[in-house]
$ cat my_file.cif   # mmCIF, C-alpha atoms
data_entry
#
loop_
_atom_site.group_PDB
_atom_site.id
_atom_site.type_symbol
_atom_site.label_atom_id
_atom_site.label_comp_id
_atom_site.auth_asym_id
_atom_site.auth_seq_id
_atom_site.Cartn_x
_atom_site.Cartn_y
_atom_site.Cartn_z
ATOM 1 C CA MET A 1370 82.520 82.746 141.722
ATOM 2 C CA ASP A 1371 86.199 82.341 142.671
ATOM 3 C CA VAL A 1372 87.485 81.780 146.204
ATOM 4 C CA ARG A 1373 88.391 85.430 146.782
ATOM 5 C CA ASN A 1374 84.851 86.588 146.016
ATOM 6 C CA GLN A 1375 83.409 83.887 148.269
ATOM 7 C CA ILE A 1376 85.674 84.971 151.120
ATOM 8 C CA ALA A 1377 84.670 88.598 150.534
ATOM 9 C CA ARG A 1378 81.021 87.620 150.979
ATOM 10 C CA PHE A 1379 81.794 85.881 154.276
ATOM 11 C CA VAL A 1380 83.728 88.944 155.455
ATOM 12 C CA ALA A 1381 80.762 91.151 154.532
ATOM 13 C CA ASP A 1382 78.630 88.952 156.817
ATOM 14 C CA GLY A 1383 80.997 89.536 159.731
ATOM 15 C CA TRP A 1384 83.332 86.564 159.411
ATOM 16 C CA HIS A 1385 87.059 87.051 159.599
ATOM 17 C CA TYR A 1386 89.809 85.036 157.998
ATOM 18 C CA GLN A 1387 93.461 84.174 158.401
ATOM 19 C CA ASN A 1388 96.023 82.918 155.925
ATOM 20 C CA TYR A 1389 98.056 79.850 156.816
ATOM 21 C CA THR A 1390 100.835 79.399 154.298
ATOM 22 C CA PHE A 1391 104.171 77.645 154.002
ATOM 23 C CA SER A 1392 107.091 78.131 151.697
ATOM 24 C CA CYS A 1393 107.771 75.253 149.308
ATOM 25 C CA ARG A 1394 110.858 74.404 151.342
ATOM 26 C CA GLN A 1395 108.924 74.348 154.622
ATOM 27 C CA ALA A 1396 106.184 72.193 153.132
ATOM 28 C CA TYR A 1397 108.741 69.771 151.679
ATOM 29 C CA LEU A 1398 110.916 69.459 154.796
ATOM 30 C CA TRP A 1399 108.127 69.350 157.397
ATOM 31 C CA GLY A 1400 106.038 67.099 155.177
ATOM 32 C CA MET A 1401 108.943 64.668 154.866
ATOM 33 C CA LEU A 1402 109.452 64.643 158.629
ATOM 34 C CA ILE A 1403 105.764 63.946 159.266
ATOM 35 C CA ALA A 1404 105.624 61.178 156.637
ATOM 36 C CA LEU A 1405 108.908 59.458 157.560
ATOM 37 C CA PRO A 1406 107.530 57.526 160.572
ATOM 38 C CA PHE A 1407 104.932 55.890 158.305
ATOM 39 C CA VAL A 1408 107.638 54.999 155.768
ATOM 40 C CA ALA A 1409 109.893 53.652 158.523
ATOM 41 C CA LEU A 1410 107.048 51.560 159.942
ATOM 42 C CA ALA A 1411 106.263 50.075 156.521
ATOM 43 C CA GLY A 1412 109.950 49.485 155.781
ATOM 44 C CA GLY A 1413 110.562 47.853 159.140
ATOM 45 C CA ALA A 1414 107.569 45.561 158.774
ATOM 46 C CA TYR A 1415 108.741 44.612 155.277
ATOM 47 C CA ARG A 1416 112.265 43.709 156.393
ATOM 48 C CA ILE A 1417 111.138 41.774 159.481
ATOM 49 C CA PHE A 1418 108.041 39.959 158.240
ATOM 50 C CA LEU A 1419 107.872 40.069 154.433
ATOM 51 C CA LEU A 1420 111.391 39.993 152.978
ATOM 52 C CA ASN A 1421 111.576 36.187 152.934
ATOM 53 C CA ARG A 1422 108.768 35.997 150.345
ATOM 54 C CA ALA A 1423 109.512 39.208 148.461
ATOM 55 C CA VAL A 1424 109.760 39.249 144.661
ATOM 56 C CA LEU A 1425 112.825 41.367 143.922
ATOM 57 C CA LEU A 1426 113.289 42.870 140.460
ATOM 58 C CA ASN A 1427 116.022 44.699 138.589
ATOM 59 C CA HIS A 1428 115.642 48.157 137.020
ATOM 60 C CA THR A 1429 114.639 49.760 140.322
ATOM 61 C CA GLY A 1430 115.064 53.277 138.920
ATOM 62 C CA LEU A 1431 112.695 52.617 136.032
ATOM 63 C CA ILE A 1432 110.108 51.016 138.346
ATOM 64 C CA LEU A 1433 110.336 54.006 140.689
ATOM 65 C CA LEU A 1434 109.761 56.390 137.784
ATOM 66 C CA VAL A 1435 106.674 54.462 136.664
ATOM 67 C CA VAL A 1436 105.296 54.414 140.223
ATOM 68 C CA ILE A 1437 105.741 58.201 140.499
ATOM 69 C CA VAL A 1438 104.178 58.854 137.088
ATOM 70 C CA VAL A 1439 101.126 56.775 138.031
ATOM 71 C CA SER A 1440 100.851 57.956 141.649
ATOM 72 C CA LEU A 1441 101.035 61.722 141.095
ATOM 73 C CA PRO A 1442 97.852 62.119 139.007
ATOM 74 C CA LEU A 1443 96.017 59.571 141.175
ATOM 75 C CA HIS A 1444 97.012 61.562 144.259
ATOM 76 C CA GLU A 1445 95.496 64.750 142.830
ATOM 77 C CA LEU A 1446 92.438 62.868 141.566
ATOM 78 C CA PHE A 1447 91.696 61.660 145.099
ATOM 79 C CA HIS A 1448 92.026 65.213 146.420
ATOM 80 C CA GLY A 1449 89.357 66.333 143.971
ATOM 81 C CA LEU A 1450 87.144 63.326 144.630
ATOM 82 C CA GLY A 1451 87.286 63.881 148.391
ATOM 83 C CA TRP A 1452 86.390 67.568 148.111
ATOM 84 C CA LYS A 1453 83.657 66.928 145.560
ATOM 85 C CA VAL A 1454 81.915 64.171 147.531
ATOM 86 C CA ALA A 1455 82.386 65.567 151.054
ATOM 87 C CA GLY A 1456 81.517 69.118 149.997
ATOM 88 C CA ARG A 1457 78.779 68.094 147.540
ATOM 89 C CA LEU A 1458 80.402 70.232 144.886
ATOM 90 C CA GLU A 1459 79.709 70.531 141.189
ATOM 91 C CA ASN A 1460 82.342 69.486 138.661
ATOM 92 C CA TYR A 1461 83.259 73.094 137.853
ATOM 93 C CA GLU A 1462 84.150 73.709 141.519
ATOM 94 C CA ILE A 1463 87.107 71.311 141.246
ATOM 95 C CA LYS A 1464 89.946 72.308 138.948
ATOM 96 C CA TYR A 1465 92.654 69.989 137.665
ATOM 97 C CA LEU A 1466 95.688 71.627 136.102
ATOM 98 C CA PHE A 1467 99.393 71.298 135.407
ATOM 99 C CA LYS A 1468 101.684 73.714 137.236
ATOM 100 C CA HIS A 1469 105.441 73.643 136.676
ATOM 101 C CA GLY A 1470 104.885 70.388 134.798
ATOM 102 C CA MET A 1471 103.157 68.727 137.762
ATOM 103 C CA PRO A 1472 99.489 67.675 138.031
ATOM 104 C CA MET A 1473 97.581 69.638 140.650
ATOM 105 C CA CYS A 1474 94.031 69.858 141.978
ATOM 106 C CA SER A 1475 92.427 72.980 143.361
ATOM 107 C CA CYS A 1476 89.138 73.369 145.217
ATOM 108 C CA LEU A 1477 87.265 76.487 144.079
ATOM 109 C CA ALA A 1478 84.721 76.525 146.923
ATOM 110 C CA VAL A 1479 84.794 77.371 150.611
ATOM 111 C CA LEU A 1480 84.131 74.145 152.552
ATOM 112 C CA SER A 1481 83.444 73.117 156.103
ATOM 113 C CA THR A 1482 86.570 72.040 157.951
ATOM 114 C CA LYS A 1483 85.444 68.398 157.920
ATOM 115 C CA ALA A 1484 84.787 68.370 154.166
ATOM 116 C CA TYR A 1485 88.084 70.070 153.377
ATOM 117 C CA LEU A 1486 90.021 67.660 155.591
ATOM 118 C CA THR A 1487 88.392 64.757 153.761
ATOM 119 C CA GLY A 1488 89.823 65.963 150.469
ATOM 120 C CA VAL A 1489 93.217 66.706 151.981
ATOM 121 C CA LEU A 1490 93.599 63.280 153.605
ATOM 122 C CA LEU A 1491 91.922 61.012 151.045
ATOM 123 C CA PRO A 1492 95.113 60.378 148.989
ATOM 124 C CA PHE A 1493 96.967 59.361 152.153
ATOM 125 C CA LEU A 1494 94.160 57.044 153.222
ATOM 126 C CA MET A 1495 93.485 55.499 149.814
ATOM 127 C CA LEU A 1496 96.899 55.398 148.146
ATOM 128 C CA GLY A 1497 99.009 55.155 151.291
ATOM 129 C CA GLY A 1498 96.683 52.603 152.888
ATOM 130 C CA GLY A 1499 96.229 50.750 149.620
ATOM 131 C CA SER A 1500 99.992 50.554 149.143
ATOM 132 C CA ILE A 1501 100.390 48.989 152.584
ATOM 133 C CA VAL A 1502 97.781 46.353 151.730
ATOM 134 C CA PHE A 1503 99.550 45.733 148.396
ATOM 135 C CA LEU A 1504 102.894 45.416 150.207
ATOM 136 C CA VAL A 1505 101.530 42.834 152.630
ATOM 137 C CA ALA A 1506 99.776 40.853 149.899
ATOM 138 C CA TYR A 1507 102.565 40.987 147.285
ATOM 139 C CA PRO A 1508 105.866 42.012 148.924
ATOM 140 C CA GLY A 1509 108.614 42.945 146.538
ATOM 141 C CA THR A 1510 110.309 45.748 144.633
ATOM 142 C CA ILE A 1511 107.144 47.196 143.096
ATOM 143 C CA SER A 1512 105.072 47.181 146.282
ATOM 144 C CA VAL A 1513 107.917 48.585 148.409
ATOM 145 C CA LEU A 1514 108.469 51.486 146.024
ATOM 146 C CA ALA A 1515 104.714 52.081 145.768
ATOM 147 C CA ALA A 1516 104.477 52.240 149.564
ATOM 148 C CA VAL A 1517 107.421 54.639 149.872
ATOM 149 C CA VAL A 1518 106.108 56.983 147.173
ATOM 150 C CA ASN A 1519 102.496 56.967 148.340
ATOM 151 C CA LEU A 1520 103.427 57.520 151.980
ATOM 152 C CA LEU A 1521 105.881 60.339 151.204
ATOM 153 C CA LEU A 1522 103.715 62.177 148.654
ATOM 154 C CA PRO A 1523 101.023 63.174 151.207
ATOM 155 C CA GLY A 1524 103.586 64.563 153.665
ATOM 156 C CA ALA A 1525 102.594 68.162 152.917
ATOM 157 C CA ASP A 1526 98.923 67.126 153.101
ATOM 158 C CA LEU A 1527 99.477 65.764 156.616
ATOM 159 C CA LEU A 1528 101.193 69.027 157.556
ATOM 160 C CA ILE A 1529 98.230 71.033 156.257
ATOM 161 C CA ALA A 1530 95.728 68.745 158.023
ATOM 162 C CA TRP A 1531 97.572 69.174 161.322
ATOM 163 C CA LYS A 1532 97.608 72.947 160.865
ATOM 164 C CA ILE A 1533 93.878 72.983 160.028
ATOM 165 C CA LEU A 1534 93.039 71.071 163.208
ATOM 166 C CA ARG A 1535 95.145 73.482 165.268
ATOM 167 C CA SER A 1536 93.645 76.552 163.598
ATOM 168 C CA GLY A 1537 90.126 76.026 164.954
ATOM 169 C CA ALA A 1538 88.653 77.452 161.742
ATOM 170 C CA ALA A 1539 84.991 76.760 160.990
ATOM 171 C CA LYS A 1540 85.460 76.819 157.213
ATOM 172 C CA ILE A 1541 88.439 76.375 154.946
ATOM 173 C CA ALA A 1542 89.290 77.811 151.543
ATOM 174 C CA ASN A 1543 92.028 76.610 149.251
ATOM 175 C CA GLN A 1544 95.010 78.964 149.120
ATOM 176 C CA PRO A 1545 95.055 79.713 145.375
ATOM 177 C CA GLU A 1546 98.666 80.817 144.943
ATOM 178 C CA GLN A 1547 100.669 79.329 147.818
ATOM 179 C CA VAL A 1548 101.025 76.136 149.808
ATOM 180 C CA GLY A 1549 98.466 76.264 152.599
ATOM 181 C CA PHE A 1550 94.893 77.333 153.222
ATOM 182 C CA ILE A 1551 92.665 80.183 154.382
ATOM 183 C CA GLY A 1552 90.759 79.663 157.644
ATOM 184 C CA LEU A 1553 87.433 81.414 158.151
ATOM 185 C CA TYR A 1554 86.020 82.122 161.598
ATOM 186 C CA PHE A 1555 82.455 82.757 162.783
ATOM 187 C CA PRO A 1556 81.296 86.294 163.542
ATOM 188 C CA GLN A 1557 81.531 86.928 167.302
ATOM 189 C CA SER A 1558 77.850 86.270 168.053
ATOM 190 C CA LYS A 1559 77.788 83.066 166.035
ATOM 191 C CA ARG A 1560 81.073 81.940 167.547
ATOM 192 C CA GLU A 1561 79.716 82.317 171.066
ATOM 193 C CA ALA A 1562 76.551 80.408 170.147
ATOM 194 C CA TYR A 1563 78.642 77.650 168.557
ATOM 195 C CA CYS A 1564 80.924 77.371 171.596
ATOM 196 C CA ASN A 1565 77.919 77.250 173.935
ATOM 197 C CA SER A 1566 76.328 74.484 171.883
ATOM 198 C CA GLN A 1567 79.579 72.502 172.001
ATOM 199 C CA ARG A 1568 79.708 72.883 175.790
ATOM 200 C CA ARG A 1569 76.154 71.537 176.095
ATOM 201 C CA ILE A 1570 77.091 68.525 173.946
ATOM 202 C CA TYR A 1571 80.082 67.665 176.117
#
$ encode --input "my_file.cif" --output "structure tokens"
Amino acid sequence: MDVRNQIARFVADGWHYQNYTFSCRQAYLWGMLIALPFVALAGGAYRIFLLNRAVLLNHTGLILLVVIVVSLPLHELFHGLGWKVAGRLENYEIKYLFKHGMPMCSCLAVLSTKAYLTGVLLPFLMLGGGSIVFLVAYPGTISVLAAVVNLLLPGADLLIAWKILRSGAAKIANQPEQVGFIGLYFPQSKREAYCNSQRRIY
């Protein structure tokens, strides 16, 4: 069952949904702005604390290309792994594909907000965090470029995660054709019960 049919079933049960989408330009520009502080922090730490023992290499352009070629599929693989594990999905509910010559991962199931966020943020945590550890352990051309690429690549993911947290949606579905997501909201009676339970907790 594809995402549209799953959403239709939720709507039939009284849920409502809202699309949250960005243009490619918005996702790129806002994603870059969100990711830049992490890149600046890593770059500043490198120049201040690590440059004196850095291993600098020639052929920076070629190294950058290799880092991108390796990082892109790993980035999408971690998206799929996060959704699969956090959402307890079957293999057929995660789809890997090439679109416009780029590897992509799509989640074909409606997930809880927490599970969806796990898949969205896992590449940033694993590849971005791993690149920082690599940079500290082995500073140099390769580790610097790896850190820059793997901190910039999840910029749009960070934008989506921020938007998900602001949306207040109870469940999230992958937006199949655009950059963004579909937020699903409890039926009124369930929403009131949920809010009351949250008040009792706090």
$ atom_distance --input "my_file.cif" --atom1 "CA of Val1408 in chain A" --atom2 "CA of Gly1449 in chain A"
24.5 Å
$ atom_distance --input "my_file.cif" --atom1 "CA of Asp1526 in chain A" --atom2 "CA of Gly1549 in chain A"
9.2 Å
$ resolve_selection --input "my_file.cif" --expression "the PyMOL selection byres ((chain A and resi 1517) around 12)" --output "number ranges by chain"
A: 1401, 1404-1413, 1415, 1433, 1436-1437, 1440, 1493, 1496-1501, 1503-1504, 1510-1516, 1518-1524
$ atom_distance --input "my_file.cif" --atom1 "CA of Gly1383 in chain A" --atom2 "CA of Asp1371 in chain A"
19.2 Å
$ closest_residue --input "my_file.cif" --among "A:Gly1456, A:Pro1442, A:Pro1556, A:Gly1537" --to "Tyr1485 in chain A" --atoms "only C-alpha atoms"
A:Gly1456
$ resolve_selection --input "my_file.cif" --expression "the PyMOL selection byres ((chain A and resi 1476-1483) around 8)" --output "ChimeraX atom specification"
/A:1371-1372,1375-1376,1449,1452,1456,1458,1462-1464,1474-1475,1484-1487,1533,1538-1543
$ closest_residue --input "my_file.cif" --among "A:Tyr1507, A:Ala1525, A:Phe1555, A:Val1489" --to "Val1424 in chain A" --atoms "all atoms listed in the file"
A:Tyr1507
$ resolve_selection --input "my_file.cif" --expression "the PyMOL selection byres ((chain A and resi 1391) around 12)" --output "number ranges by chain"
A: 1388-1390, 1392-1400, 1525-1526, 1528-1529, 1532, 1544, 1546-1551
$ closest_residue --input "my_file.cif" --among "A:His1469, A:Leu1494, A:Pro1545, A:Gly1509" --to "Thr1429 in chain A" --atoms "all atoms listed in the file"
A:Gly1509
$ closest_residue --input "my_file.cif" --among "A:Val1502, A:Phe1467, A:Pro1472, A:Arg1457" --to "Val1439 in chain A" --atoms "all atoms listed in the file"
A:Pro1472
$ residues_around --input "my_file.cif" --residues "Pro1492 in chain A" --least-positions-apart "5" --cutoff "8 Å" --atoms "all atoms listed in the file" --output "list in words"
Leu1443, His1444, Glu1445, Phe1447, His1448, Gly1497 and Pro1523 of chain A
$ write_last_selection --input "my_file.cif" --atoms "C-alpha atoms" --output "compact mmCIF listing (two decimals), in the frame of the given file"
# COMPACT_ATOMS: atom_id res chain seq x y z
CA LEU A 1443 96.02 59.57 141.18
CA HIS A 1444 97.01 61.56 144.26
CA GLU A 1445 95.50 64.75 142.83
CA PHE A 1447 91.70 61.66 145.10
CA HIS A 1448 92.03 65.21 146.42
CA GLY A 1497 99.01 55.16 151.29
CA PRO A 1523 101.02 63.17 151.21
$ build_atoms --input "my_file.cif" --residues "range 1379-1391 of chain A" --atoms "N, CA and C atoms" --output "mmCIF file, keeping the file's coordinate frame"
data_model
loop_
_atom_site.group_PDB
_atom_site.id
_atom_site.type_symbol
_atom_site.label_atom_id
_atom_site.label_comp_id
_atom_site.auth_asym_id
_atom_site.auth_seq_id
_atom_site.Cartn_x
_atom_site.Cartn_y
_atom_site.Cartn_z
ATOM 1 N N PHE A 1379 81.775 86.262 152.862
ATOM 2 C CA PHE A 1379 81.794 85.881 154.276
ATOM 3 C C PHE A 1379 82.225 87.062 155.149
ATOM 4 N N VAL A 1380 83.247 87.785 154.695
ATOM 5 C CA VAL A 1380 83.728 88.944 155.455
ATOM 6 C C VAL A 1380 82.625 89.993 155.572
ATOM 7 N N ALA A 1381 81.868 90.196 154.499
ATOM 8 C CA ALA A 1381 80.762 91.151 154.532
ATOM 9 C C ALA A 1381 79.699 90.743 155.543
ATOM 10 N N ASP A 1382 79.595 89.448 155.827
ATOM 11 C CA ASP A 1382 78.630 88.952 156.817
ATOM 12 C C ASP A 1382 79.198 88.931 158.236
ATOM 13 N N GLY A 1383 80.420 89.439 158.393
ATOM 14 C CA GLY A 1383 80.997 89.536 159.731
ATOM 15 C C GLY A 1383 82.045 88.491 160.067
ATOM 16 N N TRP A 1384 82.295 87.565 159.165
ATOM 17 C CA TRP A 1384 83.332 86.564 159.411
ATOM 18 C C TRP A 1384 84.698 87.234 159.296
ATOM 19 N N HIS A 1385 85.704 86.602 159.867
ATOM 20 C CA HIS A 1385 87.059 87.051 159.599
ATOM 21 C C HIS A 1385 87.887 85.844 159.168
ATOM 22 N N TYR A 1386 89.010 86.128 158.552
ATOM 23 C CA TYR A 1386 89.809 85.036 157.998
ATOM 24 C C TYR A 1386 91.278 85.235 158.324
ATOM 25 N N GLN A 1387 92.019 84.136 158.186
ATOM 26 C CA GLN A 1387 93.461 84.174 158.401
ATOM 27 C C GLN A 1387 94.148 83.252 157.411
ATOM 28 N N ASN A 1388 95.236 83.727 156.854
ATOM 29 C CA ASN A 1388 96.023 82.918 155.925
ATOM 30 C C ASN A 1388 96.992 82.028 156.691
ATOM 31 N N TYR A 1389 97.074 80.791 156.280
ATOM 32 C CA TYR A 1389 98.056 79.850 156.816
ATOM 33 C C TYR A 1389 98.844 79.306 155.629
ATOM 34 N N THR A 1390 100.053 79.788 155.472
ATOM 35 C CA THR A 1390 100.835 79.399 154.298
ATOM 36 C C THR A 1390 102.224 78.914 154.716
ATOM 37 N N PHE A 1391 102.821 78.147 153.816
ATOM 38 C CA PHE A 1391 104.171 77.645 154.002
ATOM 39 C C PHE A 1391 104.959 77.933 152.738
#
